[in-house]
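Since the structure comes first, as structure tokens, the remarks are kept for the end.
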Protein chains: 4
Amino acid sequence: MSVLDGDSPPRVVFRDRCSVDLVQHVGGDLEIVRAARVSVGKAGDESPAAVAGLVRYLMKHRHGSPFEHGSLTVRVECPIFVAREWMRHRVGWSYNEVSGRYSQLRPVFWLPPEGRPTVEPPAFKPARPILLDDPVHHGATAAVLRHAYAAAWGAYRALLDAGAAREVARAVLPVGVFTSFVATANPRSLMHFLSLRTRHPAAAAAGYPMAEIAQAADDLERIAAGFWPETFRAFTENGRVAP
Amino acid sequence: MSVLDGDSPPRVVFRDRCSVDLVQHVGGDLEIVRAARVSVGKAGDESPAAVAGLVRYLMKHRHGSPFEHGSLTVRVECPIFVAREWMRHRVGWSYNEVSGRYSQLRPVFWLPPEGRPTVEPPAFKPARPILLDDPVHHGATAAVLRHAYAAAWGAYRALLDAGAAREVARAVLPVGVFTSFVATANPRSLMHFLSLRTRHPAAAAAGYPMAEIAQAADDLERIAAGFWPETFRAFTENGRVAP
Amino acid sequence: MSVLDGDSPPRVVFRDRCSVDLVQHVGGDLEIVRAARVSVGKAGDESPAAVAGLVRYLMKHRHGSPFEHGSLTVRVECPIFVAREWMRHRVGWSYNEVSGRYSQLRPVFWLPPEGRPTVEPPAFKPARPILLDDPVHHGATAAVLRHAYAAAWGAYRALLDAGAAREVARAVLPVGVFTSFVATANPRSLMHFLSLRTRHPAAAAAGYPMAEIAQAADDLERIAAGFWPETFRAFTENGRVAP
Amino acid sequence: MSVLDGDSPPRVVFRDRCSVDLVQHVGGDLEIVRAARVSVGKAGDESPAAVAGLVRYLMKHRHGSPFEHGSLTVRVECPIFVAREWMRHRVGWSYNEVSGRYSQLRPVFWLPPEGRPTVEPPAFKPARPILLDDPVHHGATAAVLRHAYAAAWGAYRALLDAGAAREVARAVLPVGVFTSFVATANPRSLMHFLSLRTRHPAAAAAGYPMAEIAQAADDLERIAAGFWPETFRAFTENGRVAP
């Protein structure tokens with residue numbers, strides 16, 4: 001169920017994945033190469049091999065500005081706790097999100113998918129938030145989440161039904177509720193986001209993104225890599241550090 | 001109670017105000033005037049009257065860049081729903097916030113203060129979210145909020161006590177829970193924020209900021225106006241539009 | 001003659017206009033409206049009248065963020081003194097310019113077109129740089145410019161021919177020499193640029209952009225208004241202040 | 001001689017160095033550490049060793065945002081060709097520069113200092129602009145530069161004396177003329193600038209900044225490292241990549 005479908009207050013539903021859908025896009029590897037060649041004042045070979053070669057060169061030597069001439073807009077549905085991490089990315093990113101002041105939110109809540117580690121080990125360190133998977137614990141956790149979400153949703157509806165303003169009633173909604181936003185970025189800002197929000201064996205600097213934003217970031221990368229294949233290949237070849 | 005005091009899990013408490021506290025600051029009206037005068041290549045009269053006059057001139061004619069040479073850092077405590085609106089401000093703003101992945105949050109929750117309108121009128125329009133005050137409704141609303149917060153806090157503690165990771169358990173915490181962050185901005189970005197997040201009779205464009213962020217913005221403006229008195233006076237005299 | 005055509009060192013030529021040419025573009029008024037409607041959580045009427053109405057509403061009430069979901073890339077050829085003003089626009093703008101270190105520049109220089117005021121009146125004030133037109137003075141000025149450009153170009157070529165590095169030789173080239181760059185922006189950052197760099201009777205705040213950047217800005221606006229007609233119409237109707 | 005001293009048109013002078021002078025500053029390593037610790041919700045050890053350790057940790061793991069809570073403002077005097085490279089840095093940087101439209105520029109011009117390589121080798125590649133030093137060539141180059149500057153200055157003065165507007169007359173001034181600006185940045189944006197504009201044996205990615213901006217960047221780094229000693233030490237220890 002989409003976060004936004006329908007008009008009547010539906011029953012509570014659960015999702016264990018974020019969604020990232022293409023809205024619009026412009027530009028490709030060739031346009032990046034052309035922008036880079038402006039600096040030497042002349043056009044050049046536009047064969048696939050030449051384009052790939054120059055993209056790799058720019059990435060390796062961290063010439064970042066040519067990667068800004070392009071644009072990708074996506075529609076994201078995710079829990080508020082994911083949206084909050086995402087929107088910390090300021091440079092080269094634009095956002096418009098559903099408002100809990102202007103609209104009534106929908107009863108869509110996050111549950112951890114099967115196999116998603118949920119247990120904090122005794123040696124847990126905030127700087128390296130590595131978790132353990134335990135099917136029994138997972139089931140118990142999901143049960144508590146479901147119950148808490150339902151209670152919160154009940155309070156929200158009760159407040160609205162009693163005439164409370166949306167902006168007041170939504171104070172009881174948990175950060176596990178789904179929200180929806182459109183986001184626009186250029187390839188350079190996409191790479192910066194992906195360098196911090198994905199887990200990838202090729203990454204020079206191991207990060208610890210939360211599983212949910214990593215799943216959304218993977219989906220985003222698939223879309224972006226379809227439009228800028230050489231760019232995102234070179235990004236991974238160079239340790240997944242944004243130029 | 002501060003959002004961050006103490007080490008043992010305390011009982012649930014409620015707050016009806018955000019707090020904004022000074023961390024550090026540099027610059028004043030004089031430094032803005034000096035930066036502006038760089039464009040004409042020479043120093044000028046630095047008397048209070050001359051400084052005030054040039055600041056007013058810059059504001060009126062929307063010469064914004066001189067207002068960027070200065071910096072204010074504050075510590076903010078507010079509900080998550082306020083922090084989310086605040087952090088939509090990207091340009092000229094820097095943030096560091098308490099993490100629900102790295103730390104256990106504290107049971108501090110927002111309640112609407114007395115007199116804070118909470119009722120949505122029948123003619124409510126999202127574009128002009130004007131609310132009504134009703135003491136009886138206010139009391140009933142506060143009771144539901146208190147109850148919902150306590151239930152959410154109970155679920156959070158239960159999940160943590162059962163070994164759930166912080167990042168999983170916090171999914172049940174409502175957006176009415178308090179968070180804390182440090183924020184740094186320059187006078188120009190402060191004015192842009194204040195133009196959208198305060199309600200002021202001198203504003204050329206009437207906005208409808210939520211009451212809670214407007215209260216925090218007023219507190220922020222008091223701090224800023226102490227360091228840049230002519231700047232913020234001229235800001236108001238010119239319809240509170242950021243230059 | 002283009003700044004970049006050809007490979008052999010040509011003779012000195014003069015231009016009295018900047019050029020702004022479309023490279024790529026995505027988005028339109030409809031995409032802005034759709035982004036804005038995300039905040040209320042549902043789609044709406046997409047008829048031309050409804051789109052125009054909502055665009056006007058967003059502009060009037062200074063809801064700026066929906067105008068960021070779109071992108072325009074252009075190729076600009078202009079004197080260095082114009083490029084320097086242009087690149088002071090940082091937010092929402094990306095640039096790649098021909099490099100005087102990496103390439104040999106071309107002998108294309110700016111001359112004021114006929115009718116372009118060139119005389120500083122006795123009552124000249126830097127804050128209101130209003131000039132006078134005088135055909136005789138114009139002719140004499142153009143003659144001095146031509147001569148100075150030719151001398152500078154001669155020194156540049158002499159240095160290069162003697163083996164000097166491009167980055168050293170170019171130190172003698174005047175800011176009236178043409179450069180070339182690609183620039184990418186979204187509709188909101190375009191409007192901010194146009195609000196400061198055009199002269200328009202509908203502008204609420206009279207600015208004094210230099211004639212050359214104003215000409216380039218007018219050309220840019222024609223391109224942008226072709227893709228976002230309602231947006232740029234509403235921009236002018238609202239005093240040409242960026243939302 | 002300062003770019004800005006005096007009121008009467010002086011004779012032509014030459015400089016072979018940029019200057020970077022402190023205007024104002026706030027913050028230090030401790031404030032960065034405190035901002036970082038907000039994420040874990042509690043204060044910590046503020047001993048020098050603990051501060052240094054946490055700064056190193058943040059740098060190594062590319063936690064960049066805490067390094068934004070601080071501010072440094074400097075006054076720079078440099079040739080226009082250096083200012084143009086500098087002002088390509090957009091994020092976290094603010095500028096106000098002397099205007100050739102509003103003021104008459106001063107006859108201060110750049111000459112390469114002794115030992116500064118000026119010869120382009122036959123195998124010159126734009127992507128690796130490595131030059132050779134040759135004292136004889138250097139002397140000849142300086143002579144041509146001096147002569148070309150004097151001619152340009154003569155044309156500028158002649159145009160002004162004949163009543164030409166400053167904005168028109170300055171078109172003949174070469175990019176080797178000195179300009180002056182104030183610049184404000186935070187430690188993170190300073191590091192990004194320094195990573196690209198210095199030559200340093202510890203740099204993980206070898207860049208080829210022009211000698212003049214590298215000299216200014218070194219001076220800037222000395223000032224910044226005085227206020228944030230652990231930050232800039234850790235920056236170098238980690239390959240001089242901005243976090």
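For the structure tokens, the naming scheme is as follows: chains receive sequential letters (A, B, ...) according to their order of presentation, residues are indexed from 1 within each chain, and ligands are indexed from 1 in presentation order.
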Once you count only C-alpha atoms, what closest atom pair and distance in Å to one decimal does each residue of chain B within 7 Å of chain A have, with rows by chain and rising residue number, as a tab-separated table?
residue	atom	partner	partner_atom	distance
B:Arg90	CA	A:Arg90	CA	5.2
B:Tyr102	CA	A:Pro126	CA	4.5
B:Thr118	CA	A:Ala165	CA	5.6
B:Val119	CA	A:Ala164	CA	4.8
B:Glu120	CA	A:Ala165	CA	4.6
B:Pro126	CA	A:Tyr102	CA	4.5
B:Thr141	CA	A:Leu159	CA	6.7
B:Val144	CA	A:Ala155	CA	6.8
B:Leu145	CA	A:Val172	CA	6.6
B:Ala148	CA	A:Val172	CA	6.3
B:Tyr149	CA	A:Val172	CA	6.7
B:Ala152	CA	A:Ala148	CA	6.4
B:Ala155	CA	A:Ala148	CA	6.5
B:Leu159	CA	A:Thr141	CA	6.7
B:Gly163	CA	A:Val119	CA	5.7
B:Ala164	CA	A:Val119	CA	4.8
B:Ala165	CA	A:Glu120	CA	4.6
B:Val168	CA	A:Thr118	CA	6.5
B:Ala171	CA	A:Gly176	CA	4.4
B:Val172	CA	A:Pro174	CA	5.0
B:Leu173	CA	A:Pro174	CA	4.9
B:Pro174	CA	A:Pro174	CA	3.7
B:Val175	CA	A:Ala171	CA	5.3
B:Gly176	CA	A:Ala171	CA	4.4
message: For the structure I just gave you, how does DSSP split stretch 10-44 of chain B - specifically, which residues are helix (DSSP H, G or I)? Reply as a list in words.
response: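 Checking each residue of stretch 10-44 of chain B, the helix (DSSP H, G or I) ones are Asp29, Leu30, Glu31, Ile32, Val33, Arg34, Ala35, Ala36, Arg37, Val38, Ser39 and Val40 of chain B.
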List every residue of stretch 145-208 of chain D that has an atom at most 12 Å from any atom of stretch 39-58 of chain B, giving for each one its closest atom pair and the distance in Å to one decimal, counting only C-alpha atoms, sorted by chain and then by ascending residue number, as a Markdown table.
| residue | atom | partner | partner_atom | distance |
| --- | --- | --- | --- | --- |
| D:Arg166 | CA | B:Val40 | CA | 11.7 |
| D:Thr179 | CA | B:Gly41 | CA | 9.4 |
| D:Ser180 | CA | B:Gly41 | CA | 8.1 |
| D:Phe181 | CA | B:Ser39 | CA | 8.1 |
| D:Val182 | CA | B:Ser39 | CA | 9.8 |
Write out as a PDB file with C-alpha atoms, in the first residue's frame the residues lying within 10 Å of B:Pro201, counting only C-alpha atoms and excluding same-chain residues fewer than 4 positions away.
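Listed below is the output, around-v9.pdb:
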ATOM      1  CA  ALA B 205       4.592  38.328   3.874  1.00  0.00           C
ATOM      2  CA  ALA B 206       2.376  36.739   6.526  1.00  0.00           C
ATOM      3  CA  THR B 236      12.317  44.272  10.832  1.00  0.00           C
ATOM      4  CA  GLY B 239       9.500  43.826   6.220  1.00  0.00           C
ATOM      5  CA  ARG B 240      11.570  41.005   7.680  1.00  0.00           C
TER       6      ARG B 240
END
- request: Name the residues in contact with D:Glu68 at a cut-off of 10 Å, using only C-alpha atoms, excluding same-chain residues fewer than 4 positions from it; report them as a count of residues only.
  value: 19
task: For each of A:Ala214, A:Cys78, A:Ala225, A:Leu30, take the minimum atom-to-atom distance to A:Val108, counting only C-alpha atoms, then give the residue where this is smallest.
output: A:Cys78
From C:Val23, C:Val38, C:Ala216, C:Ala224, residue lying nearest C:Gly70 [only C-alpha atoms]: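 The answer is C:Ala224, which sits nearest to C:Gly70.
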